[in-house]
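**Q** What follows is entry-v1.csv; its format and atoms are CSV, C-alpha atoms.
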chain,number,residue,atom,x,y,z
P,25,MET,CA,32.7,-4.3,-80.8
P,26,GLU,CA,30.3,-7.0,-79.7
P,27,ASP,CA,33.3,-9.4,-79.0
P,28,SER,CA,35.0,-6.7,-76.9
P,29,LEU,CA,31.8,-6.2,-74.9
P,30,LYS,CA,31.5,-9.9,-74.2
P,31,MET,CA,35.2,-10.2,-73.3
P,32,LEU,CA,35.0,-7.3,-70.9
P,33,GLU,CA,31.8,-8.6,-69.4
P,34,SER,CA,33.4,-12.0,-68.9
P,35,LYS,CA,36.4,-10.4,-67.3
P,36,ARG,CA,34.2,-8.4,-64.9
P,37,ASN,CA,32.3,-11.5,-63.9
P,38,SER,CA,35.5,-13.3,-63.2
P,39,LEU,CA,36.6,-10.4,-61.0
P,40,TYR,CA,33.3,-10.5,-59.1
P,41,LYS,CA,33.8,-14.2,-58.6
P,42,ARG,CA,37.3,-13.6,-57.2
P,43,ILE,CA,35.8,-11.1,-54.7
P,44,GLU,CA,33.2,-13.6,-53.7
P,45,ASP,CA,35.9,-16.2,-53.0
P,46,LEU,CA,38.0,-13.8,-50.8
P,47,GLY,CA,36.2,-14.6,-47.6
P,48,ASP,CA,36.3,-12.4,-44.5
P,49,PHE,CA,38.5,-9.3,-44.6
P,50,ARG,CA,39.1,-6.1,-42.6
P,51,ARG,CA,40.8,-2.8,-43.3
P,52,GLY,CA,43.9,-1.6,-41.5
P,53,THR,CA,47.5,-2.4,-41.0
P,54,ILE,CA,49.5,-4.3,-38.4
P,55,GLY,CA,52.6,-2.6,-36.9
P,56,ILE,CA,55.3,-3.8,-34.5
P,57,ASN,CA,56.1,-1.6,-31.5
P,58,TYR,CA,58.9,-1.5,-29.0
P,59,ARG,CA,58.3,0.7,-26.0
P,60,LYS,CA,60.3,2.0,-23.1
P,61,CYS,CA,58.6,1.7,-19.8
P,62,GLY,CA,60.1,4.8,-18.2
P,63,LYS,CA,61.7,3.2,-15.2
P,64,SER,CA,65.2,4.5,-14.8
P,65,ASN,CA,66.6,1.2,-13.5
P,66,CYS,CA,65.0,-1.0,-16.3
P,67,ALA,CA,67.1,-2.5,-19.0
P,68,CYS,CA,65.0,-0.6,-21.6
P,69,ALA,CA,66.4,2.7,-20.3
P,70,LYS,CA,69.8,2.0,-21.8
P,71,PRO,CA,70.4,3.8,-25.1
P,72,GLU,CA,71.3,0.6,-27.0
P,73,HIS,CA,68.1,-1.3,-25.8
P,74,SER,CA,65.2,-1.1,-28.3
P,75,GLY,CA,62.6,-1.4,-25.5
P,76,HIS,CA,60.0,-3.8,-24.4
P,77,GLY,CA,58.3,-5.8,-27.2
P,78,PRO,CA,57.6,-6.6,-29.8
P,79,GLN,CA,54.0,-5.6,-29.4
P,80,TYR,CA,51.7,-6.1,-32.4
P,81,LEU,CA,49.1,-3.4,-33.0
P,82,TRP,CA,46.3,-3.5,-35.6
P,83,SER,CA,45.2,0.1,-36.5
P,84,THR,CA,42.8,1.7,-39.0
P,85,THR,CA,40.9,4.9,-39.6
P,86,ILE,CA,37.2,4.9,-40.3
P,87,LYS,CA,35.4,8.2,-41.2
P,88,GLY,CA,38.3,10.2,-39.7
P,89,ARG,CA,38.3,8.3,-36.4
P,90,SER,CA,41.3,6.1,-35.5
P,91,TYR,CA,40.9,2.6,-34.0
P,92,ALA,CA,43.6,0.3,-32.6
P,93,LYS,CA,43.9,-3.0,-30.9
P,94,SER,CA,46.8,-4.9,-29.4
P,95,LEU,CA,47.2,-8.4,-30.8
P,96,LYS,CA,48.5,-11.5,-29.1
P,97,LEU,CA,51.3,-13.3,-30.9
P,98,GLY,CA,49.9,-16.5,-32.3
P,99,ALA,CA,46.5,-17.3,-33.7
P,100,GLU,CA,45.0,-13.8,-33.2
P,101,LEU,CA,47.9,-12.1,-35.0
P,102,GLN,CA,47.8,-14.7,-37.8
P,103,LYS,CA,44.0,-14.1,-38.2
P,104,TYR,CA,44.4,-10.3,-38.4
P,105,MET,CA,47.3,-10.6,-40.9
P,106,GLU,CA,45.2,-12.8,-43.2
P,107,GLU,CA,42.2,-10.6,-43.0
P,108,THR,CA,44.1,-7.4,-43.7
P,109,ASP,CA,45.9,-9.1,-46.6
P,110,ARG,CA,42.5,-10.1,-48.1
P,111,TYR,CA,41.3,-6.5,-47.7
P,112,ARG,CA,44.3,-5.3,-49.8
P,113,SER,CA,43.3,-8.0,-52.4
P,114,PHE,CA,39.7,-6.7,-52.3
P,115,THR,CA,40.8,-3.1,-53.0
P,116,LYS,CA,43.0,-4.2,-55.9
P,117,LEU,CA,40.1,-6.3,-57.4
P,118,SER,CA,37.7,-3.4,-56.9
P,119,GLU,CA,40.0,-1.0,-58.8
P,120,GLN,CA,40.2,-3.6,-61.6
P,121,ILE,CA,36.4,-3.9,-61.7
P,122,VAL,CA,36.1,-0.1,-61.9
P,123,LYS,CA,38.5,0.0,-64.8
P,124,VAL,CA,36.7,-2.8,-66.7
P,125,ASN,CA,33.3,-1.1,-66.1
P,126,GLU,CA,34.7,2.2,-67.5
P,127,GLU,CA,35.9,0.4,-70.6
P,128,LEU,CA,32.4,-1.2,-71.0
P,129,CYS,CA,30.7,2.2,-70.6
P,130,ASP,CA,33.0,3.7,-73.3
P,131,LEU,CA,32.1,0.9,-75.7
P,132,ARG,CA,28.4,1.0,-75.2
P,133,PRO,CA,26.7,3.4,-77.6
P,134,VAL,CA,24.7,6.5,-76.4
P,135,GLN,CA,21.0,5.9,-76.9
P,136,GLU,CA,19.7,8.4,-79.4
P,137,THR,CA,16.2,9.9,-79.2
P,138,GLU,CA,14.6,10.7,-82.5
P,139,ASP,CA,11.5,12.4,-81.0
P,140,GLU,CA,12.2,16.2,-80.5
P,141,LYS,CA,9.6,16.4,-77.7
P,142,GLU,CA,11.2,13.5,-75.8
P,143,ALA,CA,14.7,15.0,-76.3
P,144,GLY,CA,13.5,18.4,-75.0
P,145,GLU,CA,11.8,16.8,-71.9
P,146,LEU,CA,15.0,14.9,-71.1
P,147,LYS,CA,17.1,18.1,-71.3
P,148,LYS,CA,14.7,19.9,-68.9
P,149,LYS,CA,14.8,17.0,-66.5
P,150,LEU,CA,18.6,16.9,-66.5
P,151,GLN,CA,18.8,20.6,-66.0
P,152,LEU,CA,16.5,20.4,-63.0
P,153,GLN,CA,18.5,17.6,-61.5
P,154,PHE,CA,21.7,19.6,-61.7
P,155,GLU,CA,20.1,22.8,-60.5
P,156,LYS,CA,18.9,20.9,-57.4
P,157,LYS,CA,22.4,19.6,-56.7
P,158,ARG,CA,23.9,23.0,-57.2
P,159,LYS,CA,21.4,24.6,-54.7
P,160,LYS,CA,22.1,21.8,-52.2
P,161,ARG,CA,25.8,22.4,-52.4
P,162,LEU,CA,25.3,26.2,-51.9
P,163,ARG,CA,23.2,25.6,-48.8
P,164,LYS,CA,26.1,23.6,-47.2
P,165,LEU,CA,28.5,26.5,-47.7
Rewrite the structure from the file as structure tokens, please.
**A**
Amino acid sequence: MEDSLKMLESKRNSLYKRIEDLGDFRRGTIGINYRKCGKSNCACAKPEHSGHGPQYLWSTTIKGRSYAKSLKLGAELQKYMEETDRYRSFTKLSEQIVKVNEELCDLRPVQETEDEKEAGELKKKLQLQFEKKRKKRLRKL
């Protein structure tokens, strides 16, 4: 068991190091848009024409609010592409860290208390904590 703990801790530390090495990142996606301008005599008004473009748009949603930005073809688009790719790498690494941490938690033993008084106090303390959380949730409703 001790070897498994050390192996998992080593794996977790290497994942932390990989996150540290990621550099700058941003959430969101980059899409390509073609738009019709609405002028009846424009080439884009023809059915076979895809529209004006391509236009590159970075977009994301943060706390339920949408954000978007038009990107210029070239260095700006390249920068945003690299940053969003690194964000996807960050989320994958974060999921791996959570999985390893859960395995570590499962392997670590529960600390037993031999003193009856101490065990009783712990139970009361935990009951109070959960009762406070329950009352707080009820107030929000």
**Q** Applying 10 Å and only C-alpha atoms, which residues near Phe114 (chain P) remain after dropping the ones on its own chain fewer than 3 positions away? List them as a PyMOL selection string.
**A** chain P and resi 39+42-44+46-47+49-51+108-111+117-120
**Q** From the set P:Val134, P:Ser38, P:Thr53, P:Met105, which residue has the shortest atom-to-atom contact distance to Tyr91 (chain P), counting only C-alpha atoms?
**A** P:Thr53
**Q** Give me the residues within 8 Å of region 76-79 of chain P as a list in words, counting all atoms listed in the file and dropping any in the same chain fewer than 6 places off.
**A**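 Using all atoms listed in the file, the neighbours found are Ile56, Asn57, Tyr58, Arg59, Lys60, Cys61, Cys68, Ser94 and Leu95 of chain P.
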